[in-house]
>>> print(open('input_25.tsv').read())   # TSV, C-alpha atoms
chain	number	residue	atom	x	y	z
A	109	MET	CA	-68.72	254.04	-92.35
A	110	SER	CA	-66.24	256.51	-93.81
A	111	ALA	CA	-63.75	253.81	-94.93
A	112	ARG	CA	-66.65	251.87	-96.41
A	113	LEU	CA	-67.85	254.92	-98.38
A	114	ASP	CA	-64.28	255.62	-99.48
A	115	ALA	CA	-64.13	252.12	-101.01
A	116	GLN	CA	-67.58	252.39	-102.59
A	117	ILE	CA	-66.76	255.73	-104.22
A	118	ALA	CA	-63.33	254.48	-105.36
A	119	PHE	CA	-65.11	251.70	-107.26
A	120	LEU	CA	-67.67	254.11	-108.75
A	121	LYS	CA	-64.90	256.42	-109.93
A	122	GLU	CA	-62.99	253.54	-111.52
A	123	ALA	CA	-66.21	252.48	-113.29
A	124	ASP	CA	-66.21	255.81	-115.13
A	125	HIS	CA	-63.62	254.33	-117.50
A	126	LEU	CA	-66.27	252.08	-119.07
A	127	LYS	CA	-67.41	255.22	-120.94
A	128	ALA	CA	-64.12	255.10	-122.88
A	129	VAL	CA	-64.33	251.43	-123.94
A	130	LEU	CA	-65.46	251.38	-127.57
A	131	ARG	CA	-67.47	248.56	-129.13
A	132	ALA	CA	-67.62	247.38	-132.75
A	133	SER	CA	-71.24	248.60	-132.96
A	134	ARG	CA	-72.32	252.10	-133.98
A	135	LEU	CA	-74.94	254.55	-132.81
A	136	LEU	CA	-78.16	254.35	-134.82
A	137	ASP	CA	-77.35	257.73	-136.44
A	138	ASP	CA	-73.98	256.31	-137.60
A	139	SER	CA	-72.12	259.24	-136.01
A	140	ARG	CA	-69.61	257.17	-134.05
A	141	PHE	CA	-68.90	253.84	-132.36
A	142	GLU	CA	-70.81	253.04	-129.20
A	143	ASN	CA	-69.16	252.80	-125.79
A	144	SER	CA	-69.82	250.03	-123.30
A	145	ALA	CA	-71.41	252.26	-120.64
A	146	GLU	CA	-74.13	253.65	-122.91
A	147	HIS	CA	-74.57	250.14	-124.39
A	148	SER	CA	-75.14	248.85	-120.85
A	149	TRP	CA	-77.84	251.47	-120.30
A	150	HIS	CA	-79.49	250.58	-123.60
A	151	VAL	CA	-79.61	246.82	-122.97
A	152	MET	CA	-81.17	247.44	-119.56
A	153	LEU	CA	-83.88	249.41	-121.35
A	154	TYR	CA	-84.28	246.55	-123.85
A	155	ALA	CA	-84.70	244.15	-120.91
A	156	LEU	CA	-87.33	246.29	-119.18
A	157	VAL	CA	-89.34	246.73	-122.40
A	158	LEU	CA	-89.05	243.13	-123.63
A	159	VAL	CA	-89.23	241.13	-120.38
A	160	GLU	CA	-92.66	239.70	-121.34
A	161	HIS	CA	-90.89	237.83	-124.17
A	162	SER	CA	-88.55	235.92	-121.86
A	163	ALA	CA	-88.65	232.15	-122.45
A	164	GLU	CA	-88.99	231.62	-118.69
A	165	PRO	CA	-90.33	233.77	-115.82
A	166	VAL	CA	-87.54	236.03	-114.54
A	167	ASP	CA	-86.89	238.38	-111.65
A	168	ILE	CA	-86.40	241.65	-113.56
A	169	ALA	CA	-84.35	243.16	-110.71
A	170	ARG	CA	-81.74	240.41	-111.09
A	171	VAL	CA	-81.75	240.83	-114.88
A	172	LEU	CA	-81.18	244.58	-114.55
A	173	LYS	CA	-78.38	244.12	-112.03
A	174	MET	CA	-76.61	241.60	-114.29
A	175	LEU	CA	-76.80	243.90	-117.29
A	176	LEU	CA	-75.69	246.87	-115.19
A	177	LEU	CA	-72.54	244.97	-114.22
A	178	HIS	CA	-71.97	242.70	-117.22
A	179	ASP	CA	-69.39	244.78	-119.10
A	180	ILE	CA	-67.43	246.34	-116.22
A	181	VAL	CA	-64.62	243.79	-116.74
A	182	GLU	CA	-64.03	245.45	-120.14
A	183	ILE	CA	-62.36	248.37	-118.34
A	184	ASP	CA	-59.32	246.11	-118.01
A	185	ALA	CA	-60.01	243.38	-120.58
A	186	GLY	CA	-61.45	245.48	-123.44
A	187	ASP	CA	-64.42	244.62	-125.64
A	188	ALA	CA	-64.09	241.47	-127.78
A	189	PRO	CA	-66.23	241.97	-130.91
A	190	ILE	CA	-68.67	239.07	-131.27
A	191	HIS	CA	-67.67	238.50	-134.90
A	192	GLY	CA	-63.94	239.07	-134.39
A	193	ASP	CA	-61.24	236.42	-134.02
A	194	VAL	CA	-61.11	235.84	-130.29
A	195	ASP	CA	-58.91	233.58	-128.19
A	196	HIS	CA	-61.66	232.53	-125.81
A	197	ALA	CA	-59.40	231.10	-123.12
A	198	ALA	CA	-57.23	234.24	-123.03
A	199	LYS	CA	-60.35	236.44	-122.98
A	200	ALA	CA	-61.84	234.45	-120.09
A	201	ALA	CA	-58.59	234.73	-118.11
A	202	ALA	CA	-58.32	238.48	-118.73
A	203	GLU	CA	-61.93	239.03	-117.69
A	204	GLU	CA	-61.51	236.93	-114.55
A	205	ALA	CA	-58.48	239.02	-113.53
A	206	ALA	CA	-60.43	242.19	-114.31
A	207	ALA	CA	-63.34	241.06	-112.13
A	208	GLU	CA	-60.92	240.38	-109.26
A	209	ARG	CA	-59.31	243.80	-109.51
A	210	LEU	CA	-62.41	245.92	-110.21
A	211	PHE	CA	-64.96	244.30	-107.88
A	212	GLY	CA	-62.08	243.96	-105.41
A	213	LEU	CA	-62.16	247.73	-104.93
A	214	LEU	CA	-65.49	247.27	-103.10
A	215	PRO	CA	-66.14	246.17	-99.51
A	216	ASP	CA	-66.18	242.34	-99.26
A	217	ASP	CA	-69.96	241.86	-99.18
A	218	LEU	CA	-70.54	243.92	-102.33
A	219	GLN	CA	-67.52	242.40	-104.05
A	220	HIS	CA	-68.98	238.95	-103.47
A	221	GLU	CA	-72.49	239.96	-104.58
A	222	PHE	CA	-71.34	241.65	-107.79
A	223	LYS	CA	-68.85	238.95	-108.70
A	224	SER	CA	-71.57	236.30	-108.22
A	225	LEU	CA	-73.96	238.18	-110.51
A	226	TRP	CA	-71.27	238.50	-113.17
A	227	VAL	CA	-70.34	234.80	-112.93
A	228	GLU	CA	-74.02	233.86	-113.15
A	229	PHE	CA	-74.45	236.04	-116.25
A	230	GLU	CA	-71.47	234.49	-117.99
A	231	ALA	CA	-72.51	230.90	-117.14
A	232	GLU	CA	-76.01	231.24	-118.70
A	233	GLU	CA	-77.44	228.55	-116.43
A	234	THR	CA	-80.35	230.47	-114.89
A	235	PRO	CA	-83.50	232.00	-116.47
A	236	GLU	CA	-82.26	235.51	-115.64
A	237	SER	CA	-78.86	235.02	-117.22
A	238	ARG	CA	-80.30	233.34	-120.33
A	239	PHE	CA	-82.71	236.25	-120.82
A	240	ALA	CA	-79.97	238.82	-120.11
A	241	LYS	CA	-77.62	237.18	-122.64
A	242	ALA	CA	-80.40	237.16	-125.24
A	243	ILE	CA	-81.09	240.84	-124.63
A	244	ASP	CA	-77.40	241.73	-124.82
A	245	ARG	CA	-77.38	240.41	-128.42
A	246	MET	CA	-80.42	242.39	-129.58
A	247	PRO	CA	-79.40	246.02	-130.26
A	248	THR	CA	-76.54	245.41	-132.72
A	249	PRO	CA	-78.55	243.51	-135.38
A	250	ILE	CA	-81.32	246.10	-135.09
A	251	THR	CA	-78.81	248.88	-135.62
A	252	ASN	CA	-77.03	247.05	-138.45
A	253	LEU	CA	-80.33	246.52	-140.32
A	254	GLU	CA	-80.91	250.26	-140.08
A	255	LEU	CA	-77.37	251.20	-141.19
A	256	GLY	CA	-77.12	248.98	-144.25
A	257	GLY	CA	-74.94	246.38	-142.56
A	258	GLY	CA	-72.77	248.21	-140.02
A	259	SER	CA	-70.45	245.80	-138.23
A	260	TRP	CA	-71.61	242.90	-140.45
A	261	ILE	CA	-69.73	244.58	-143.31
A	262	ASP	CA	-66.67	245.39	-141.16
A	263	TYR	CA	-66.39	241.76	-140.01
A	264	ASN	CA	-67.67	240.12	-143.22
A	265	VAL	CA	-70.38	238.26	-141.31
A	266	THR	CA	-72.57	235.55	-142.87
A	267	LEU	CA	-76.16	234.65	-141.98
A	268	GLU	CA	-74.88	231.30	-140.75
A	269	GLN	CA	-72.49	233.01	-138.30
A	270	LEU	CA	-75.29	235.27	-137.16
A	271	ASP	CA	-77.64	232.34	-136.59
A	272	HIS	CA	-74.97	230.72	-134.45
A	273	ARG	CA	-73.56	233.64	-132.45
A	274	VAL	CA	-76.69	235.78	-132.15
A	275	GLY	CA	-79.59	233.49	-133.00
A	276	VAL	CA	-78.78	230.75	-130.51
A	277	PRO	CA	-78.70	233.03	-127.44
A	278	ILE	CA	-81.67	235.17	-128.52
A	279	ASN	CA	-83.77	232.13	-129.40
A	280	GLY	CA	-82.83	230.52	-126.10
A	281	GLY	CA	-83.76	233.49	-123.92
A	282	ALA	CA	-86.50	235.20	-125.93
A	283	PRO	CA	-87.76	232.95	-128.77
A	284	GLY	CA	-90.61	235.28	-129.77
A	285	VAL	CA	-88.13	238.07	-130.35
A	286	TRP	CA	-85.98	235.82	-132.52
A	287	GLY	CA	-89.09	234.80	-134.49
A	288	TRP	CA	-89.70	238.49	-135.15
A	289	LEU	CA	-86.07	239.33	-135.99
A	290	ARG	CA	-84.93	236.30	-138.03
A	291	PRO	CA	-87.00	236.99	-141.21
A	292	LYS	CA	-85.67	240.56	-141.33
A	293	LEU	CA	-82.09	239.29	-141.06
A	294	GLU	CA	-82.64	236.58	-143.68
A	295	SER	CA	-84.14	239.12	-146.03
A	296	TRP	CA	-81.22	241.53	-145.57
A	297	PHE	CA	-78.53	238.87	-146.08
A	298	HIS	CA	-80.27	237.49	-149.20
A	299	ARG	CA	-80.81	240.95	-150.67
A	300	ASN	CA	-77.14	241.75	-150.12
A	301	GLY	CA	-75.79	238.48	-151.51
A	302	ARG	CA	-74.35	237.37	-148.16
A	303	ALA	CA	-76.37	234.17	-147.63
B	284	MET	CA	-97.51	239.96	-131.08
B	285	SER	CA	-95.76	241.32	-134.16
B	286	ALA	CA	-97.39	244.79	-133.95
B	287	ARG	CA	-96.55	244.86	-130.25
B	288	LEU	CA	-92.90	244.02	-130.91
B	289	ASP	CA	-92.82	246.60	-133.73
B	290	ALA	CA	-93.88	249.28	-131.22
B	291	GLN	CA	-91.46	248.08	-128.53
B	292	ILE	CA	-88.52	248.12	-130.94
B	293	ALA	CA	-89.53	251.52	-132.35
B	294	PHE	CA	-89.28	252.94	-128.82
B	295	LEU	CA	-85.92	251.24	-128.19
B	296	LYS	CA	-84.55	252.64	-131.46
B	297	GLU	CA	-85.74	256.15	-130.62
B	298	ALA	CA	-84.09	255.83	-127.20
B	299	ASP	CA	-80.71	255.51	-128.95
B	300	HIS	CA	-80.72	259.30	-129.35
B	301	LEU	CA	-80.09	259.73	-125.59
B	302	LYS	CA	-76.47	258.82	-126.39
B	303	ALA	CA	-76.19	262.13	-128.28
B	304	VAL	CA	-77.57	264.37	-125.51
B	305	LEU	CA	-74.61	266.07	-123.84
B	306	ARG	CA	-74.55	267.15	-120.21
B	307	ALA	CA	-72.57	269.94	-118.52
B	308	SER	CA	-70.53	267.33	-116.64
B	309	ARG	CA	-67.33	265.73	-117.90
B	310	LEU	CA	-65.84	262.26	-117.83
B	311	LEU	CA	-63.46	261.71	-114.94
B	312	ASP	CA	-60.49	261.70	-117.35
B	313	ASP	CA	-61.59	265.13	-118.63
B	314	SER	CA	-61.54	263.89	-122.24
B	315	ARG	CA	-65.05	265.11	-123.15
B	316	PHE	CA	-68.52	265.97	-121.88
B	317	GLU	CA	-70.69	263.12	-120.68
B	318	ASN	CA	-73.85	262.02	-122.48
B	319	SER	CA	-77.14	261.27	-120.75
B	320	ALA	CA	-77.20	257.56	-121.64
B	321	GLU	CA	-73.83	256.75	-120.06
B	322	HIS	CA	-74.75	259.05	-117.14
B	323	SER	CA	-77.93	257.00	-116.65
B	324	TRP	CA	-75.85	253.80	-116.51
B	325	HIS	CA	-73.47	255.35	-114.01
B	326	VAL	CA	-76.18	256.58	-111.63
B	327	MET	CA	-77.77	253.12	-111.65
B	328	LEU	CA	-74.40	251.74	-110.56
B	329	TYR	CA	-74.20	254.43	-107.85
B	330	ALA	CA	-77.66	253.35	-106.67
B	331	LEU	CA	-76.78	249.65	-106.52
B	332	VAL	CA	-73.53	250.32	-104.63
B	333	LEU	CA	-74.93	252.93	-102.22
B	334	VAL	CA	-78.44	251.63	-101.53
B	335	GLU	CA	-77.52	250.81	-97.88
B	336	HIS	CA	-77.16	254.58	-97.32
B	337	SER	CA	-80.75	255.37	-98.31
B	338	ALA	CA	-82.59	257.39	-95.67
B	339	GLU	CA	-85.52	254.98	-95.91
B	340	PRO	CA	-85.86	251.33	-96.99
B	341	VAL	CA	-86.30	251.17	-100.77
B	342	ASP	CA	-87.18	248.62	-103.43
B	343	ILE	CA	-83.95	248.67	-105.49
B	344	ALA	CA	-85.76	247.38	-108.60
B	345	ARG	CA	-88.01	250.46	-108.61
B	346	VAL	CA	-85.01	252.73	-108.03
B	347	LEU	CA	-83.14	251.17	-110.97
B	348	LYS	CA	-86.19	251.44	-113.24
B	349	MET	CA	-86.64	255.14	-112.37
B	350	LEU	CA	-82.99	255.92	-113.06
B	351	LEU	CA	-83.06	253.86	-116.26
B	352	LEU	CA	-85.95	256.02	-117.54
B	353	HIS	CA	-85.31	259.34	-115.80
B	354	ASP	CA	-83.50	261.19	-118.60
B	355	ILE	CA	-85.29	259.81	-121.69
B	356	VAL	CA	-87.35	263.00	-121.95
B	357	GLU	CA	-84.07	264.82	-122.71
B	358	ILE	CA	-84.13	263.32	-126.22
B	359	ASP	CA	-86.72	265.99	-127.04
B	360	ALA	CA	-86.28	268.48	-124.18
B	361	GLY	CA	-82.48	268.52	-123.86
B	362	ASP	CA	-80.45	268.54	-120.66
B	363	ALA	CA	-80.91	271.55	-118.37
B	364	PRO	CA	-77.65	272.07	-116.44
B	365	ILE	CA	-78.38	272.14	-112.72
B	366	HIS	CA	-76.40	275.36	-112.27
B	367	GLY	CA	-77.62	277.05	-115.46
B	368	ASP	CA	-80.36	279.67	-115.82
B	369	VAL	CA	-83.45	277.58	-116.35
B	370	ASP	CA	-87.08	278.59	-116.96
B	371	HIS	CA	-88.55	275.87	-114.79
B	372	ALA	CA	-92.12	276.14	-116.12
B	373	ALA	CA	-90.96	275.96	-119.74
B	374	LYS	CA	-88.66	273.04	-118.91
B	375	ALA	CA	-91.49	271.14	-117.18
B	376	ALA	CA	-93.80	271.70	-120.17
B	377	ALA	CA	-91.16	270.56	-122.66
B	378	GLU	CA	-90.42	267.44	-120.61
B	379	GLU	CA	-94.12	266.61	-120.25
B	380	ALA	CA	-94.56	266.84	-124.04
B	381	ALA	CA	-91.44	264.71	-124.50
B	382	ALA	CA	-92.78	262.04	-122.15
B	383	GLU	CA	-96.05	261.95	-124.10
B	384	ARG	CA	-94.30	261.53	-127.43
B	385	LEU	CA	-91.53	259.16	-126.40
B	386	PHE	CA	-93.37	256.82	-124.01
B	387	GLY	CA	-96.30	257.12	-126.45
B	388	LEU	CA	-94.32	255.03	-128.93
B	389	LEU	CA	-94.86	252.04	-126.61
B	390	PRO	CA	-97.94	249.80	-126.22
B	391	ASP	CA	-100.44	251.37	-123.78
B	392	ASP	CA	-99.58	249.24	-120.73
B	393	LEU	CA	-95.85	249.99	-120.95
B	394	GLN	CA	-96.50	253.63	-121.78
B	395	HIS	CA	-98.54	253.94	-118.60
B	396	GLU	CA	-96.00	252.07	-116.46
B	397	PHE	CA	-93.00	254.09	-117.68
B	398	LYS	CA	-94.80	257.43	-117.53
B	399	SER	CA	-95.87	256.67	-113.94
B	400	LEU	CA	-92.31	255.84	-112.92
B	401	TRP	CA	-91.04	259.08	-114.47
B	402	VAL	CA	-93.76	261.17	-112.80
B	403	GLU	CA	-92.99	259.50	-109.47
B	404	PHE	CA	-89.27	260.25	-109.88
B	405	GLU	CA	-89.92	263.90	-110.64
B	406	ALA	CA	-92.36	264.34	-107.74
B	407	GLU	CA	-89.91	263.07	-105.07
B	408	GLU	CA	-92.72	261.93	-102.80
B	409	THR	CA	-91.75	258.29	-102.27
B	410	PRO	CA	-88.68	256.71	-100.64
B	411	GLU	CA	-87.53	255.32	-104.01
B	412	SER	CA	-87.77	258.66	-105.80
B	413	ARG	CA	-86.06	260.55	-102.96
B	414	PHE	CA	-83.17	258.10	-103.00
B	415	ALA	CA	-83.02	258.13	-106.83
B	416	LYS	CA	-82.92	261.95	-106.88
B	417	ALA	CA	-80.15	261.95	-104.27
B	418	ILE	CA	-78.14	259.46	-106.31
B	419	ASP	CA	-78.66	261.44	-109.53
B	420	ARG	CA	-76.84	264.36	-107.87
B	421	MET	CA	-73.82	262.38	-106.69
B	422	PRO	CA	-71.45	261.80	-109.64
B	423	THR	CA	-70.95	265.39	-110.77
B	424	PRO	CA	-69.53	266.78	-107.49
B	425	ILE	CA	-67.28	263.73	-107.21
B	426	THR	CA	-66.01	264.33	-110.74
B	427	ASN	CA	-65.64	268.07	-110.21
B	428	LEU	CA	-63.54	267.53	-107.06
B	429	GLU	CA	-61.24	265.32	-109.13
B	430	LEU	CA	-61.01	267.77	-112.05
B	431	GLY	CA	-60.21	270.91	-110.11
B	432	GLY	CA	-63.73	272.32	-110.37
B	433	GLY	CA	-65.15	271.16	-113.71
B	434	SER	CA	-68.67	272.50	-114.24
B	435	TRP	CA	-68.44	274.57	-111.00
B	436	ILE	CA	-65.95	276.80	-112.83
B	437	ASP	CA	-68.00	276.90	-116.07
B	438	TYR	CA	-71.12	277.98	-114.16
B	439	ASN	CA	-69.38	280.04	-111.47
B	440	VAL	CA	-71.02	278.00	-108.70
B	441	THR	CA	-70.84	278.93	-105.01
B	442	LEU	CA	-70.89	276.57	-102.02
B	443	GLU	CA	-74.25	278.08	-101.05
B	444	GLN	CA	-75.75	277.14	-104.44
B	445	LEU	CA	-74.29	273.67	-104.12
B	446	ASP	CA	-75.74	273.23	-100.62
B	447	HIS	CA	-79.14	274.18	-102.00
B	448	ARG	CA	-79.27	272.39	-105.35
B	449	VAL	CA	-77.18	269.34	-104.55
B	450	GLY	CA	-77.01	269.17	-100.76
B	451	VAL	CA	-80.76	269.30	-100.12
B	452	PRO	CA	-81.63	266.30	-102.34
B	453	ILE	CA	-78.58	264.23	-101.33
B	454	ASN	CA	-79.12	264.90	-97.64
B	455	GLY	CA	-82.81	264.06	-98.02
B	456	GLY	CA	-82.28	260.72	-99.76
B	457	ALA	CA	-78.90	259.59	-98.42
B	458	PRO	CA	-77.79	261.69	-95.42
B	459	GLY	CA	-74.74	259.55	-94.62
B	460	VAL	CA	-73.40	260.16	-98.11
B	461	TRP	CA	-73.90	263.90	-97.73
B	462	GLY	CA	-72.10	263.77	-94.37
B	463	TRP	CA	-69.17	262.14	-96.17
B	464	LEU	CA	-69.21	264.51	-99.16
B	465	ARG	CA	-69.94	267.90	-97.58
B	466	PRO	CA	-66.56	268.42	-95.81
B	467	LYS	CA	-64.73	267.66	-99.07
B	468	LEU	CA	-66.84	270.26	-100.90
B	469	GLU	CA	-66.41	272.85	-98.18
B	470	SER	CA	-62.67	272.32	-98.21
B	471	TRP	CA	-62.47	272.68	-102.01
B	472	PHE	CA	-64.58	275.85	-102.12
B	473	HIS	CA	-62.60	277.46	-99.28
B	474	ARG	CA	-59.26	276.50	-100.82
B	475	ASN	CA	-60.36	278.02	-104.10
B	476	GLY	CA	-61.77	281.23	-102.64
B	477	ARG	CA	-65.32	280.45	-103.71
B	478	ALA	CA	-67.00	280.34	-100.29
>>> encode(input="input_25.tsv", output="C-alpha cells")
Amino acid sequence: MSARLDAQIAFLKEADHLKAVLRASRLLDDSRFENSAEHSWHVMLYALVLVEHSAEPVDIARVLKMLLLHDIVEIDAGDAPIHGDVDHAAKAAAEEAAAERLFGLLPDDLQHEFKSLWVEFEAEETPESRFAKAIDRMPTPITNLELGGGSWIDYNVTLEQLDHRVGVPINGGAPGVWGWLRPKLESWFHRNGRA
Amino acid sequence: MSARLDAQIAFLKEADHLKAVLRASRLLDDSRFENSAEHSWHVMLYALVLVEHSAEPVDIARVLKMLLLHDIVEIDAGDAPIHGDVDHAAKAAAEEAAAERLFGLLPDDLQHEFKSLWVEFEAEETPESRFAKAIDRMPTPITNLELGGGSWIDYNVTLEQLDHRVGVPINGGAPGVWGWLRPKLESWFHRNGRA
C-alpha cells in the first residue's frame, strides 16, 4: 500500500509541470498565454456544459477522464500549436515516449488505464473521443473572436485552414455547436479581409 | 437552440476568470502562486489516481464534476486561504451570491444541476463530497513538504492546525492516504521546531 501510494504521488507531483506548459492561446482578458493545465480544466467544463450537443450519446465520465489526461504528454513533448508548422510523425513519436515515461510512473493497472484513455482520445474512433476532440477545439476560436483575432493573427490563419483544422473535428463531434460558431467565424474573417 | 448555446457559451467565457484567481499555494517548482483553474485540474487528477483509497465506494463521475465546479464561486468571492483569518459567515454569503450569479448565467436545468453539485460538495454529507473534500486538501501539503514549508511558513501554521484543518477531512474521506501523509508531516514539523 505504501509503495503503491509512493508511485501514485510521484506521478501527481510530476503532473504539476503541466502548469508551466504554455499554449499559443491567450486568456480571455488578454493578460497572458494560457497553460495546458488550466486549459484542461476549461475544456472539461466545456464538455460538461455542452454534452447535450454531442453528435452521438456519450458516457460523460469517459469524456471527462480523457480531457483530464489528454495533454499530460505535453510535459515532455510540449504543446504543438494547431496552426503552427508541425512535423506530425516527430510529434507523435515524442508524445508516445512521453506517455510511456509519465504514465509509467504509476502502478501498472493505472498506467494501462490512463494510456488506453489517451490512445483512444488520439485515435478519434469512439463517440467519446470524437466529442472530446471537438470540445478541445472550442475555446480558442471563442477567445480569438473576443480578442480581435488572437492566435489567428500570430499564425496568419485563413478561414479555409480554420474550417479544416477546427471545423472538421467540431462538426464531427458536436455539429450543432459548429452550426452556431461557423457564421461568427465567417463574419470575422470577411470583416478582417482574411477570407 | 441558439439562445441556449448563447447562454452556455456566456457561462464558459465567464469561467475563464478562474485562471486569474490566485491561491496561497505555490507550484511545485516554486516559480509562482497557483491559480484556482489549474488547481481544479490537478485535484481532479488526484481524485482519478487515488479513488481506490476512498473511505466509501464513490461514483467517480460525480466526484470529478464536483471538483470541476467546486472553485467557480471564487471568481466573485475570491480564494480564502485555509490557514488565513476567515469570517466564515461572510465567506459563505459571498460564495452563495457568487453561485447565484455565475451558475445563473446557464439555462435553468444546468444552473440547477451545477448548483446542486456545489451545495453537495460544500455540505460534505455524501461519500462523493467527503472524498472530494479530502482530495481538495491533498496537493498543498505535498507541495509544502517539497518546498521547505511553503504556505505553512507564510501563515505560521502549526501541526495541530494542520491536523484539524487538513487531517480531519483527509482522514474522513481517504484514511489510507492520511496514514501515509501524517508521519511525513509530523517529521517535517518536528524537524523545523514547529510542533
>>> residues_around(input="input_25.tsv", residues="Glu122 in chain A", least_positions_apart="3", cutoff="12 Å", atoms="only C-alpha atoms", output="compact mmCIF listing (two decimals) with C-alpha atoms, in the frame of the given file")
# COMPACT_ATOMS: atom_id res chain seq x y z
CA ALA A 115 -64.13 252.12 -101.01
CA GLN A 116 -67.58 252.39 -102.59
CA ILE A 117 -66.76 255.73 -104.22
CA ALA A 118 -63.33 254.48 -105.36
CA PHE A 119 -65.11 251.70 -107.26
CA HIS A 125 -63.62 254.33 -117.50
CA LEU A 126 -66.27 252.08 -119.07
CA LYS A 127 -67.41 255.22 -120.94
CA ALA A 128 -64.12 255.10 -122.88
CA ILE A 180 -67.43 246.34 -116.22
CA VAL A 181 -64.62 243.79 -116.74
CA GLU A 182 -64.03 245.45 -120.14
CA ILE A 183 -62.36 248.37 -118.34
CA ASP A 184 -59.32 246.11 -118.01
CA ALA A 206 -60.43 242.19 -114.31
CA ARG A 209 -59.31 243.80 -109.51
CA LEU A 210 -62.41 245.92 -110.21
CA PHE A 211 -64.96 244.30 -107.88
CA GLY A 212 -62.08 243.96 -105.41
CA LEU A 213 -62.16 247.73 -104.93
CA LEU A 214 -65.49 247.27 -103.10
CA LEU B 310 -65.84 262.26 -117.83
CA LEU B 311 -63.46 261.71 -114.94
CA ASP B 312 -60.49 261.70 -117.35
CA HIS B 325 -73.47 255.35 -114.01
CA LEU B 328 -74.40 251.74 -110.56
CA TYR B 329 -74.20 254.43 -107.85
CA PRO B 422 -71.45 261.80 -109.64
CA ILE B 425 -67.28 263.73 -107.21
CA THR B 426 -66.01 264.33 -110.74
>>> atom_distance(input="input_25.tsv", atom1="CA of Leu177 in chain A", atom2="CA of Lys223 in chain A")
9.0 Å
>>> interface_residues(input="input_25.tsv", of="chain A", to="chain B", cutoff="6 Å", atoms="all atoms listed in the file", output="count of residues only")
4
>>> atom_distance(input="input_25.tsv", atom1="CA of Ala163 in chain A", atom2="CA of Asp392 in chain B")
20.4 Å
>>> atom_distance(input="input_25.tsv", atom1="CA of Pro466 in chain B", atom2="CA of Ser337 in chain B")
19.4 Å
>>> residues_around(input="input_25.tsv", residues="Gly433 in chain B", least_positions_apart="3", cutoff="9 Å", atoms="all atoms listed in the file", output="mmCIF file with C-alpha atoms, in the frame of the given file")
data_model
loop_
_atom_site.group_PDB
_atom_site.id
_atom_site.type_symbol
_atom_site.label_atom_id
_atom_site.label_comp_id
_atom_site.auth_asym_id
_atom_site.auth_seq_id
_atom_site.Cartn_x
_atom_site.Cartn_y
_atom_site.Cartn_z
ATOM 1 C CA ALA B 307 -72.570 269.940 -118.520
ATOM 2 C CA SER B 308 -70.530 267.330 -116.640
ATOM 3 C CA ARG B 309 -67.330 265.730 -117.900
ATOM 4 C CA ASP B 313 -61.590 265.130 -118.630
ATOM 5 C CA THR B 423 -70.950 265.390 -110.770
ATOM 6 C CA PRO B 424 -69.530 266.780 -107.490
ATOM 7 C CA THR B 426 -66.010 264.330 -110.740
ATOM 8 C CA ASN B 427 -65.640 268.070 -110.210
ATOM 9 C CA LEU B 428 -63.540 267.530 -107.060
ATOM 10 C CA GLU B 429 -61.240 265.320 -109.130
ATOM 11 C CA LEU B 430 -61.010 267.770 -112.050
ATOM 12 C CA ILE B 436 -65.950 276.800 -112.830
ATOM 13 C CA ASP B 437 -68.000 276.900 -116.070
#
>>> closest_residue(input="input_25.tsv", among="B:Pro452, B:Met421, B:Ile365, B:Ala406", to="Trp435 in chain B", atoms="all atoms listed in the file")
B:Ile365
>>> residues_around(input="input_25.tsv", residues="Thr266 in chain A", least_positions_apart="2", cutoff="7 Å", atoms="all atoms listed in the file", output="mmCIF file with C-alpha atoms, in the coordinates of the input")
data_model
loop_
_atom_site.group_PDB
_atom_site.id
_atom_site.type_symbol
_atom_site.label_atom_id
_atom_site.label_comp_id
_atom_site.auth_asym_id
_atom_site.auth_seq_id
_atom_site.Cartn_x
_atom_site.Cartn_y
_atom_site.Cartn_z
ATOM 1 C CA ASN A 264 -67.670 240.120 -143.220
ATOM 2 C CA GLU A 268 -74.880 231.300 -140.750
ATOM 3 C CA GLN A 269 -72.490 233.010 -138.300
ATOM 4 C CA LEU A 270 -75.290 235.270 -137.160
ATOM 5 C CA ARG A 302 -74.350 237.370 -148.160
ATOM 6 C CA ALA A 303 -76.370 234.170 -147.630
#
>>> axis_aligned_box(input="input_25.tsv", around="range 348-360 of chain B", padding_each_side="8 Å", output="JSON")
{"center_x": -85.2, "center_y": 260.0, "center_z": -119.7, "size_x": 20.4, "size_y": 33.0, "size_z": 30.7}
>>> closest_residue(input="input_25.tsv", among="A:His196, A:His191, A:Arg112, A:His272", to="Arg131 in chain A", atoms="all atoms listed in the file")
A:His191
>>> residues_around(input="input_25.tsv", residues="His353 in chain B", least_positions_apart="4", cutoff="8 Å", atoms="all atoms listed in the file", output="PyMOL selection string")
chain B and resi 323+349+401+404
